[in-house]
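Undergrad: File follows, query12.cif with mmCIF, C-alpha atoms:
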```cif
data_coords
loop_
_atom_site.label_atom_id
_atom_site.label_comp_id
_atom_site.auth_asym_id
_atom_site.auth_seq_id
_atom_site.Cartn_x
_atom_site.Cartn_y
_atom_site.Cartn_z
CA MET D 1 60.35 -71.03 -85.27
CA ALA D 2 60.80 -69.51 -88.71
CA ASP D 3 61.45 -72.66 -90.74
CA ALA D 4 63.58 -75.81 -90.83
CA ALA D 5 66.32 -73.97 -92.76
CA ASP D 6 66.98 -71.97 -89.58
CA ILE D 7 67.65 -75.11 -87.49
CA LYS D 8 71.32 -75.70 -86.75
CA VAL D 9 72.63 -79.01 -85.42
CA ARG D 10 75.85 -79.06 -83.43
CA PRO D 11 77.61 -81.22 -80.87
CA ALA D 12 76.27 -80.48 -77.42
CA ALA D 13 78.42 -78.74 -74.83
CA GLU D 14 78.30 -79.41 -71.10
CA ALA D 15 76.48 -76.09 -70.67
CA ASP D 16 73.62 -77.54 -72.80
CA LEU D 17 72.88 -80.34 -70.32
CA PRO D 18 70.08 -78.52 -68.44
CA ALA D 19 68.23 -77.83 -71.72
CA VAL D 20 68.67 -81.42 -72.90
CA LEU D 21 67.43 -82.77 -69.56
CA ALA D 22 64.40 -80.48 -69.83
CA LEU D 23 63.61 -82.01 -73.24
CA TYR D 24 63.89 -85.51 -71.75
CA ALA D 25 61.49 -84.57 -68.92
CA GLN D 26 58.52 -84.06 -71.25
CA PRO D 27 55.61 -86.48 -70.86
CA GLY D 28 56.02 -89.60 -72.94
CA PHE D 29 59.80 -89.42 -73.09
CA ASP D 30 61.55 -90.08 -69.77
CA ASP D 31 59.16 -88.13 -67.52
CA THR D 32 61.92 -88.02 -64.89
CA THR D 33 65.55 -87.18 -65.55
CA LEU D 34 68.96 -87.39 -63.98
CA PRO D 35 70.00 -84.76 -61.49
CA ILE D 36 72.36 -82.30 -63.19
CA ALA D 37 75.37 -83.46 -61.15
CA ASP D 38 74.87 -87.05 -62.36
CA ALA D 39 74.41 -85.83 -65.93
CA ARG D 40 77.70 -83.93 -65.72
CA ARG D 41 79.52 -87.04 -64.47
CA LEU D 42 78.16 -89.04 -67.42
CA TRP D 43 79.01 -86.20 -69.78
CA ALA D 44 82.65 -86.45 -68.66
CA ARG D 45 82.64 -90.18 -69.50
CA PHE D 46 81.45 -89.50 -73.06
CA ALA D 47 84.97 -88.32 -73.93
CA ALA D 48 86.22 -91.89 -73.46
CA TYR D 49 83.80 -93.31 -76.05
CA PRO D 50 85.51 -93.69 -79.44
CA ASP D 51 82.73 -92.16 -81.57
CA TYR D 52 79.70 -91.12 -79.53
CA THR D 53 78.28 -87.62 -79.75
CA LEU D 54 75.30 -85.93 -78.16
CA TYR D 55 73.89 -83.35 -80.57
CA VAL D 56 71.49 -80.46 -80.08
CA ALA D 57 69.31 -78.68 -82.60
CA GLU D 58 69.00 -74.93 -82.15
CA ASP D 59 66.61 -72.37 -83.50
CA GLY D 60 67.74 -68.80 -82.87
CA GLY D 61 69.98 -69.93 -80.02
CA THR D 62 67.23 -71.96 -78.30
CA ILE D 63 67.72 -75.71 -78.02
CA VAL D 64 64.65 -77.33 -79.61
CA GLY D 65 65.85 -80.92 -80.03
CA SER D 66 68.53 -83.44 -79.27
CA PHE D 67 69.77 -86.89 -80.24
CA ALA D 68 72.81 -89.07 -79.71
CA LEU D 69 74.78 -90.76 -82.49
CA LEU D 70 77.06 -93.73 -81.90
CA VAL D 71 79.28 -94.99 -84.70
CA MET D 72 80.80 -98.36 -83.93
CA ASP D 73 83.37 -100.45 -85.71
CA ASN D 74 82.50 -104.00 -86.73
CA LEU D 75 84.41 -107.12 -87.64
CA GLY D 76 81.43 -108.28 -89.69
CA HIS D 77 80.23 -106.56 -92.84
CA LEU D 78 83.83 -106.43 -94.08
CA GLY D 79 84.74 -104.05 -91.27
CA ALA D 80 82.22 -101.38 -92.25
CA PRO D 81 81.01 -99.39 -89.23
CA SER D 82 77.37 -99.01 -88.30
CA ALA D 83 75.55 -96.11 -86.66
CA ILE D 84 72.90 -96.00 -83.98
CA VAL D 85 70.67 -93.02 -83.20
CA GLU D 86 69.36 -92.81 -79.62
CA ASP D 87 67.28 -90.46 -77.51
CA VAL D 88 65.69 -88.44 -80.33
CA VAL D 89 63.63 -85.70 -78.70
CA VAL D 90 61.99 -82.49 -79.92
CA ALA D 91 60.51 -79.72 -77.80
CA PRO D 92 56.71 -80.14 -77.68
CA ASP D 93 56.00 -76.65 -79.01
CA THR D 94 58.17 -77.24 -82.11
CA GLN D 95 57.02 -80.76 -83.01
CA GLY D 96 55.76 -81.02 -86.58
CA ARG D 97 57.86 -78.07 -87.76
CA GLY D 98 60.84 -79.93 -89.24
CA VAL D 99 63.21 -80.14 -86.25
CA GLY D 100 63.19 -83.95 -86.20
CA ARG D 101 63.71 -84.11 -89.96
CA VAL D 102 66.72 -81.78 -89.76
CA MET D 103 68.24 -83.87 -86.94
CA MET D 104 67.67 -87.20 -88.70
CA ASP D 105 69.03 -85.84 -92.00
CA PHE D 106 72.11 -84.69 -90.10
CA ALA D 107 72.53 -88.16 -88.52
CA ARG D 108 72.17 -89.79 -91.94
CA ARG D 109 74.76 -87.51 -93.55
CA LYS D 110 77.18 -87.98 -90.64
CA SER D 111 76.78 -91.77 -90.89
CA ILE D 112 77.50 -91.65 -94.63
CA GLU D 113 80.60 -89.49 -94.01
CA LYS D 114 81.83 -92.12 -91.57
CA ARG D 115 81.24 -94.85 -94.20
CA CYS D 116 78.61 -96.69 -92.16
CA TYR D 117 76.77 -99.49 -93.90
CA LYS D 118 73.58 -98.83 -91.90
CA LEU D 119 71.91 -96.37 -89.56
CA VAL D 120 69.49 -97.84 -87.05
CA LEU D 121 67.28 -96.66 -84.25
CA SER D 122 64.71 -98.18 -81.98
CA SER D 123 61.51 -96.59 -80.79
CA SER D 124 59.11 -97.58 -78.06
CA ALA D 125 56.17 -99.59 -79.40
CA LYS D 126 53.76 -97.00 -78.00
CA ARG D 127 55.24 -94.08 -79.97
CA GLU D 128 53.18 -94.59 -83.12
CA ARG D 129 53.51 -90.97 -84.32
CA ALA D 130 57.29 -91.33 -84.15
CA HIS D 131 57.11 -94.57 -86.16
CA ALA D 132 55.12 -92.84 -88.90
CA PHE D 133 57.68 -90.01 -88.90
CA TYR D 134 60.63 -92.40 -89.30
CA GLU D 135 58.86 -94.25 -92.10
CA GLN D 136 58.27 -90.92 -93.90
CA LEU D 137 62.04 -90.43 -93.76
CA GLY D 138 62.63 -93.78 -95.47
CA TYR D 139 63.33 -95.96 -92.44
CA GLU D 140 61.76 -99.38 -92.66
CA ARG D 141 60.66 -101.74 -89.94
CA TYR D 142 63.24 -104.46 -90.06
CA GLY D 143 63.71 -107.52 -87.94
CA TYR D 144 62.94 -107.45 -84.27
CA CYS D 145 64.19 -105.39 -81.41
CA PHE D 146 64.58 -107.31 -78.17
CA ARG D 147 64.95 -105.84 -74.72
CA LEU D 148 65.96 -107.25 -71.38
CA ASP D 149 65.42 -104.98 -68.41
CA LEU D 150 68.17 -105.47 -65.87
CA ALA D 151 67.96 -104.93 -62.15
CA PRO D 152 70.37 -102.25 -60.88
CA VAL D 153 73.57 -103.70 -59.49
CA ALA D 154 74.85 -102.30 -56.20
CA PRO D 155 78.26 -100.59 -56.55
#
```
I'd like the structure from this file rewritten - as structure tokens, please.
TA:
Amino acid sequence: MADAADIKVRPAAEADLPAVLALYAQPGFDDTTLPIADARRLWARFAAYPDYTLYVAEDGGTIVGSFALLVMDNLGHLGAPSAIVEDVVVAPDTQGRGVGRVMMDFARRKSIEKRCYKLVLSSSAKRERAHAFYEQLGYERYGYCFRLDLAPVAP
């Protein structure tokens, strides 16, 4: 990787799914991933979401990172939308080289363009390096994040 200025962020295409799944498979992220056929079915459903986009970061045509951005409308906060970043992942061999910063700057700018009053993300409690990274970008620990794991429901 030359430098962060060479990183380009763009909406993912269906053809990018294998590369994104490979990023998710790294230790400490998901470890296991969806089969490609299942990922393609979910990809098709994304089109029905009002403002949800999976993005990829590329360096010289190679996908080196990914994240999802959801912008949702609200009745509260005088109708101002809010944004949520999910599934931020960077290729292990490019971590620490600015890929994450470029992606998070992109998400921030996109959220501002869409007039969001806040941009939030959650991160696993065990990902302390990621927490330090987000704090360097100006994110602050705020409130509490609660989780309820749900048992799969048979179709």
Undergrad: So which residues get picked by the PyMOL selection byres ((chain D and resi 3) around 10) here, written as a short mmCIF file (atom, residue, chain, number, x, y, z; two decimals) with C-alpha atoms, keeping the file's coordinate frame?
TA:
```cif
data_model
loop_
_atom_site.label_atom_id
_atom_site.label_comp_id
_atom_site.auth_asym_id
_atom_site.auth_seq_id
_atom_site.Cartn_x
_atom_site.Cartn_y
_atom_site.Cartn_z
CA MET D 1 60.35 -71.03 -85.27
CA ALA D 2 60.80 -69.51 -88.71
CA ALA D 4 63.58 -75.81 -90.83
CA ALA D 5 66.32 -73.97 -92.76
CA ASP D 6 66.98 -71.97 -89.58
CA ILE D 7 67.65 -75.11 -87.49
CA ASP D 59 66.61 -72.37 -83.50
CA ARG D 97 57.86 -78.07 -87.76
CA GLY D 98 60.84 -79.93 -89.24
CA VAL D 99 63.21 -80.14 -86.25
#
```
Undergrad: When you count all atoms listed in the file, which of these residues is closest to Leu69 (chain D): D:Gln95, D:Thr33, D:Ser111, D:Gln136?
TA: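 Distance minimum relative to Leu69 (chain D) lands on D:Ser111.
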Undergrad: Name the closest residue to Ala44 (chain D) among the candidates D:Leu17, D:Gly100, D:Pro81, D:Ala132; distances are taken between atoms, counting all atoms listed in the file.
TA: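 Of all the options, D:Leu17 lies closest to Ala44 (chain D).
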Undergrad: Restricting the calculation to all atoms listed in the file: of D:Ser82, D:Thr53, D:Ser66, D:Gln26, which residue gets closest to Cys116 (chain D)?
TA: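 Answer, going by the shortest atom-to-atom distance: D:Ser82.
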Undergrad: Suppose you want the space between CA of Val71 (chain D) and CA of Arg129 (chain D); what is it in Å?
TA: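 CA of Val71 (chain D) sits 26.1 Å away from CA of Arg129 (chain D).
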Undergrad: Which residues, named as in the file, does the PyMOL selection byres ((chain D and resi 123) around 12) pick out? Answer as a compact mmCIF listing (two decimals) with C-alpha atoms, in the coordinates of the input.
TA:
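Listed below is the output, expr-v9.txt:
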```
# COMPACT_ATOMS: atom_id res chain seq x y z
CA GLY D 28 56.02 -89.60 -72.94
CA PHE D 29 59.80 -89.42 -73.09
CA ILE D 84 72.90 -96.00 -83.98
CA VAL D 85 70.67 -93.02 -83.20
CA GLU D 86 69.36 -92.81 -79.62
CA ASP D 87 67.28 -90.46 -77.51
CA VAL D 88 65.69 -88.44 -80.33
CA VAL D 89 63.63 -85.70 -78.70
CA VAL D 120 69.49 -97.84 -87.05
CA LEU D 121 67.28 -96.66 -84.25
CA SER D 122 64.71 -98.18 -81.98
CA SER D 124 59.11 -97.58 -78.06
CA ALA D 125 56.17 -99.59 -79.40
CA LYS D 126 53.76 -97.00 -78.00
CA ARG D 127 55.24 -94.08 -79.97
CA GLU D 128 53.18 -94.59 -83.12
CA ARG D 129 53.51 -90.97 -84.32
CA ALA D 130 57.29 -91.33 -84.15
CA HIS D 131 57.11 -94.57 -86.16
CA ALA D 132 55.12 -92.84 -88.90
CA PHE D 133 57.68 -90.01 -88.90
CA TYR D 134 60.63 -92.40 -89.30
CA GLU D 135 58.86 -94.25 -92.10
CA TYR D 139 63.33 -95.96 -92.44
CA ARG D 141 60.66 -101.74 -89.94
CA TYR D 144 62.94 -107.45 -84.27
CA CYS D 145 64.19 -105.39 -81.41
CA PHE D 146 64.58 -107.31 -78.17
CA ARG D 147 64.95 -105.84 -74.72
```
Undergrad: Using only C-alpha atoms, what residues lie at most 9 Å away from (74.7, -84.4, -77.4) (file coordinates), given as a list in words?
TA: Arg10, Pro11, Ala12, Ala13, Glu14, Asp16, Leu17, Val20, Trp43, Tyr52, Thr53, Leu54, Tyr55, Val56, Ser66, Phe67, Ala68 and Leu69 of chain D
Undergrad: So, counting only C-alpha atoms, which residue among D:Ala15, D:Ile63, D:Val9, D:Leu75 is closest to Met104 (chain D)?
TA: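 Selected residue with least distance to Met104 (chain D): D:Val9.
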Undergrad: Work out how far CA of Val64 (chain D) is from CA of Thr94 (chain D), in Å to one decimal.
TA: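 Straight-line distance from CA of Thr94 (chain D) to CA of Val64 (chain D) works out to 6.9 Å.
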Undergrad: Using Å and a single decimal, report how far CA of Glu58 (chain D) sits from CA of Ala37 (chain D).
TA: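 Atom-to-atom, CA of Ala37 (chain D) and CA of Glu58 (chain D) are spaced 23.5 Å apart.
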Undergrad: Under the rule that only C-alpha atoms are counted, which of D:Ala47, D:Ala19, D:Leu148, D:Ala57 is the nearest residue to Ala107 (chain D)?
TA: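 Closest candidate: D:Ala57.
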Undergrad: Identify which of the residues D:Asp105, D:Leu42, D:Ala22, D:Asp93 lies closest to Lys8 (chain D), counting all atoms listed in the file when measuring atom-to-atom distances.
TA: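 Smallest separation from Lys8 (chain D) among the options: D:Asp105.
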Undergrad: Is it possible to get the axis-aligned box enclosing region 120-139 of chain D (all listed atoms, 5 Å extra per side) as AutoDock Vina command-line options, with centre and edge lengths in Å rounded to one decimal?
TA:
```
--center_x 61.3 --center_y -94.8 --center_z -86.7 --size_x 26.3 --size_y 19.6 --size_z 27.5
```
Undergrad: Within 12 Å of His77 (chain D), counting all atoms listed in the file, which residues show up once you throw out same-chain ones fewer than 6 positions away? Write them as a PyMOL selection string, please.
TA: chain D and resi 115-118
Undergrad: Supply region 14-42 of chain D as a CSV table (one decimal), in the coordinates of the input, with N, CA and C atoms built in where the input has gaps.
TA:
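Result file follows (part20.csv):
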```csv
chain,number,residue,atom,x,y,z
D,14,GLU,N,78.7,-79.1,-72.5
D,14,GLU,CA,78.3,-79.4,-71.1
D,14,GLU,C,77.3,-78.4,-70.6
D,15,ALA,N,77.4,-77.1,-71.1
D,15,ALA,CA,76.5,-76.1,-70.7
D,15,ALA,C,75.1,-76.3,-71.2
D,16,ASP,N,74.9,-77.2,-72.2
D,16,ASP,CA,73.6,-77.5,-72.8
D,16,ASP,C,72.9,-78.6,-72.0
D,17,LEU,N,73.5,-79.2,-71.0
D,17,LEU,CA,72.9,-80.3,-70.3
D,17,LEU,C,71.5,-80.0,-69.7
D,18,PRO,N,71.4,-78.8,-69.0
D,18,PRO,CA,70.1,-78.5,-68.4
D,18,PRO,C,69.0,-78.5,-69.5
D,19,ALA,N,69.2,-77.9,-70.7
D,19,ALA,CA,68.2,-77.8,-71.7
D,19,ALA,C,67.9,-79.2,-72.3
D,20,VAL,N,68.9,-80.1,-72.4
D,20,VAL,CA,68.7,-81.4,-72.9
D,20,VAL,C,67.9,-82.2,-71.9
D,21,LEU,N,68.2,-82.1,-70.6
D,21,LEU,CA,67.4,-82.8,-69.6
D,21,LEU,C,66.0,-82.3,-69.5
D,22,ALA,N,65.8,-81.0,-69.8
D,22,ALA,CA,64.4,-80.5,-69.8
D,22,ALA,C,63.6,-81.1,-71.0
D,23,LEU,N,64.3,-81.3,-72.1
D,23,LEU,CA,63.6,-82.0,-73.2
D,23,LEU,C,63.2,-83.4,-72.9
D,24,TYR,N,64.1,-84.1,-72.2
D,24,TYR,CA,63.9,-85.5,-71.8
D,24,TYR,C,62.7,-85.6,-70.7
D,25,ALA,N,62.5,-84.5,-70.0
D,25,ALA,CA,61.5,-84.6,-68.9
D,25,ALA,C,60.1,-84.5,-69.4
D,26,GLN,N,59.9,-84.2,-70.7
D,26,GLN,CA,58.5,-84.1,-71.2
D,26,GLN,C,57.7,-85.4,-71.1
D,27,PRO,N,56.4,-85.3,-71.0
D,27,PRO,CA,55.6,-86.5,-70.9
D,27,PRO,C,55.8,-87.4,-72.1
D,28,GLY,N,55.9,-88.7,-71.8
D,28,GLY,CA,56.0,-89.6,-72.9
D,28,GLY,C,57.4,-89.9,-73.3
D,29,PHE,N,58.4,-89.1,-72.8
D,29,PHE,CA,59.8,-89.4,-73.1
D,29,PHE,C,60.4,-90.1,-71.9
D,30,ASP,N,61.0,-89.4,-71.0
D,30,ASP,CA,61.6,-90.1,-69.8
D,30,ASP,C,60.7,-89.7,-68.5
D,31,ASP,N,60.0,-88.6,-68.6
D,31,ASP,CA,59.2,-88.1,-67.5
D,31,ASP,C,60.0,-87.7,-66.3
D,32,THR,N,61.0,-88.4,-65.9
D,32,THR,CA,61.9,-88.0,-64.9
D,32,THR,C,63.3,-88.1,-65.5
D,33,THR,N,64.2,-87.2,-65.0
D,33,THR,CA,65.6,-87.2,-65.6
D,33,THR,C,66.6,-87.2,-64.4
D,34,LEU,N,67.8,-87.4,-64.9
D,34,LEU,CA,69.0,-87.4,-64.0
D,34,LEU,C,69.1,-86.0,-63.3
D,35,PRO,N,69.6,-86.0,-62.1
D,35,PRO,CA,70.0,-84.8,-61.5
D,35,PRO,C,71.2,-84.2,-62.3
D,36,ILE,N,71.3,-82.9,-62.4
D,36,ILE,CA,72.4,-82.3,-63.2
D,36,ILE,C,73.8,-82.8,-62.8
D,37,ALA,N,74.0,-83.0,-61.5
D,37,ALA,CA,75.4,-83.5,-61.2
D,37,ALA,C,75.7,-84.8,-61.7
D,38,ASP,N,74.7,-85.7,-61.7
D,38,ASP,CA,74.9,-87.0,-62.4
D,38,ASP,C,75.0,-86.9,-63.9
D,39,ALA,N,74.3,-86.0,-64.5
D,39,ALA,CA,74.4,-85.8,-65.9
D,39,ALA,C,75.8,-85.3,-66.3
D,40,ARG,N,76.3,-84.4,-65.5
D,40,ARG,CA,77.7,-83.9,-65.7
D,40,ARG,C,78.7,-85.0,-65.6
D,41,ARG,N,78.6,-85.9,-64.6
D,41,ARG,CA,79.5,-87.0,-64.5
D,41,ARG,C,79.5,-87.9,-65.7
D,42,LEU,N,78.3,-88.2,-66.2
D,42,LEU,CA,78.2,-89.0,-67.4
D,42,LEU,C,78.7,-88.3,-68.6
```
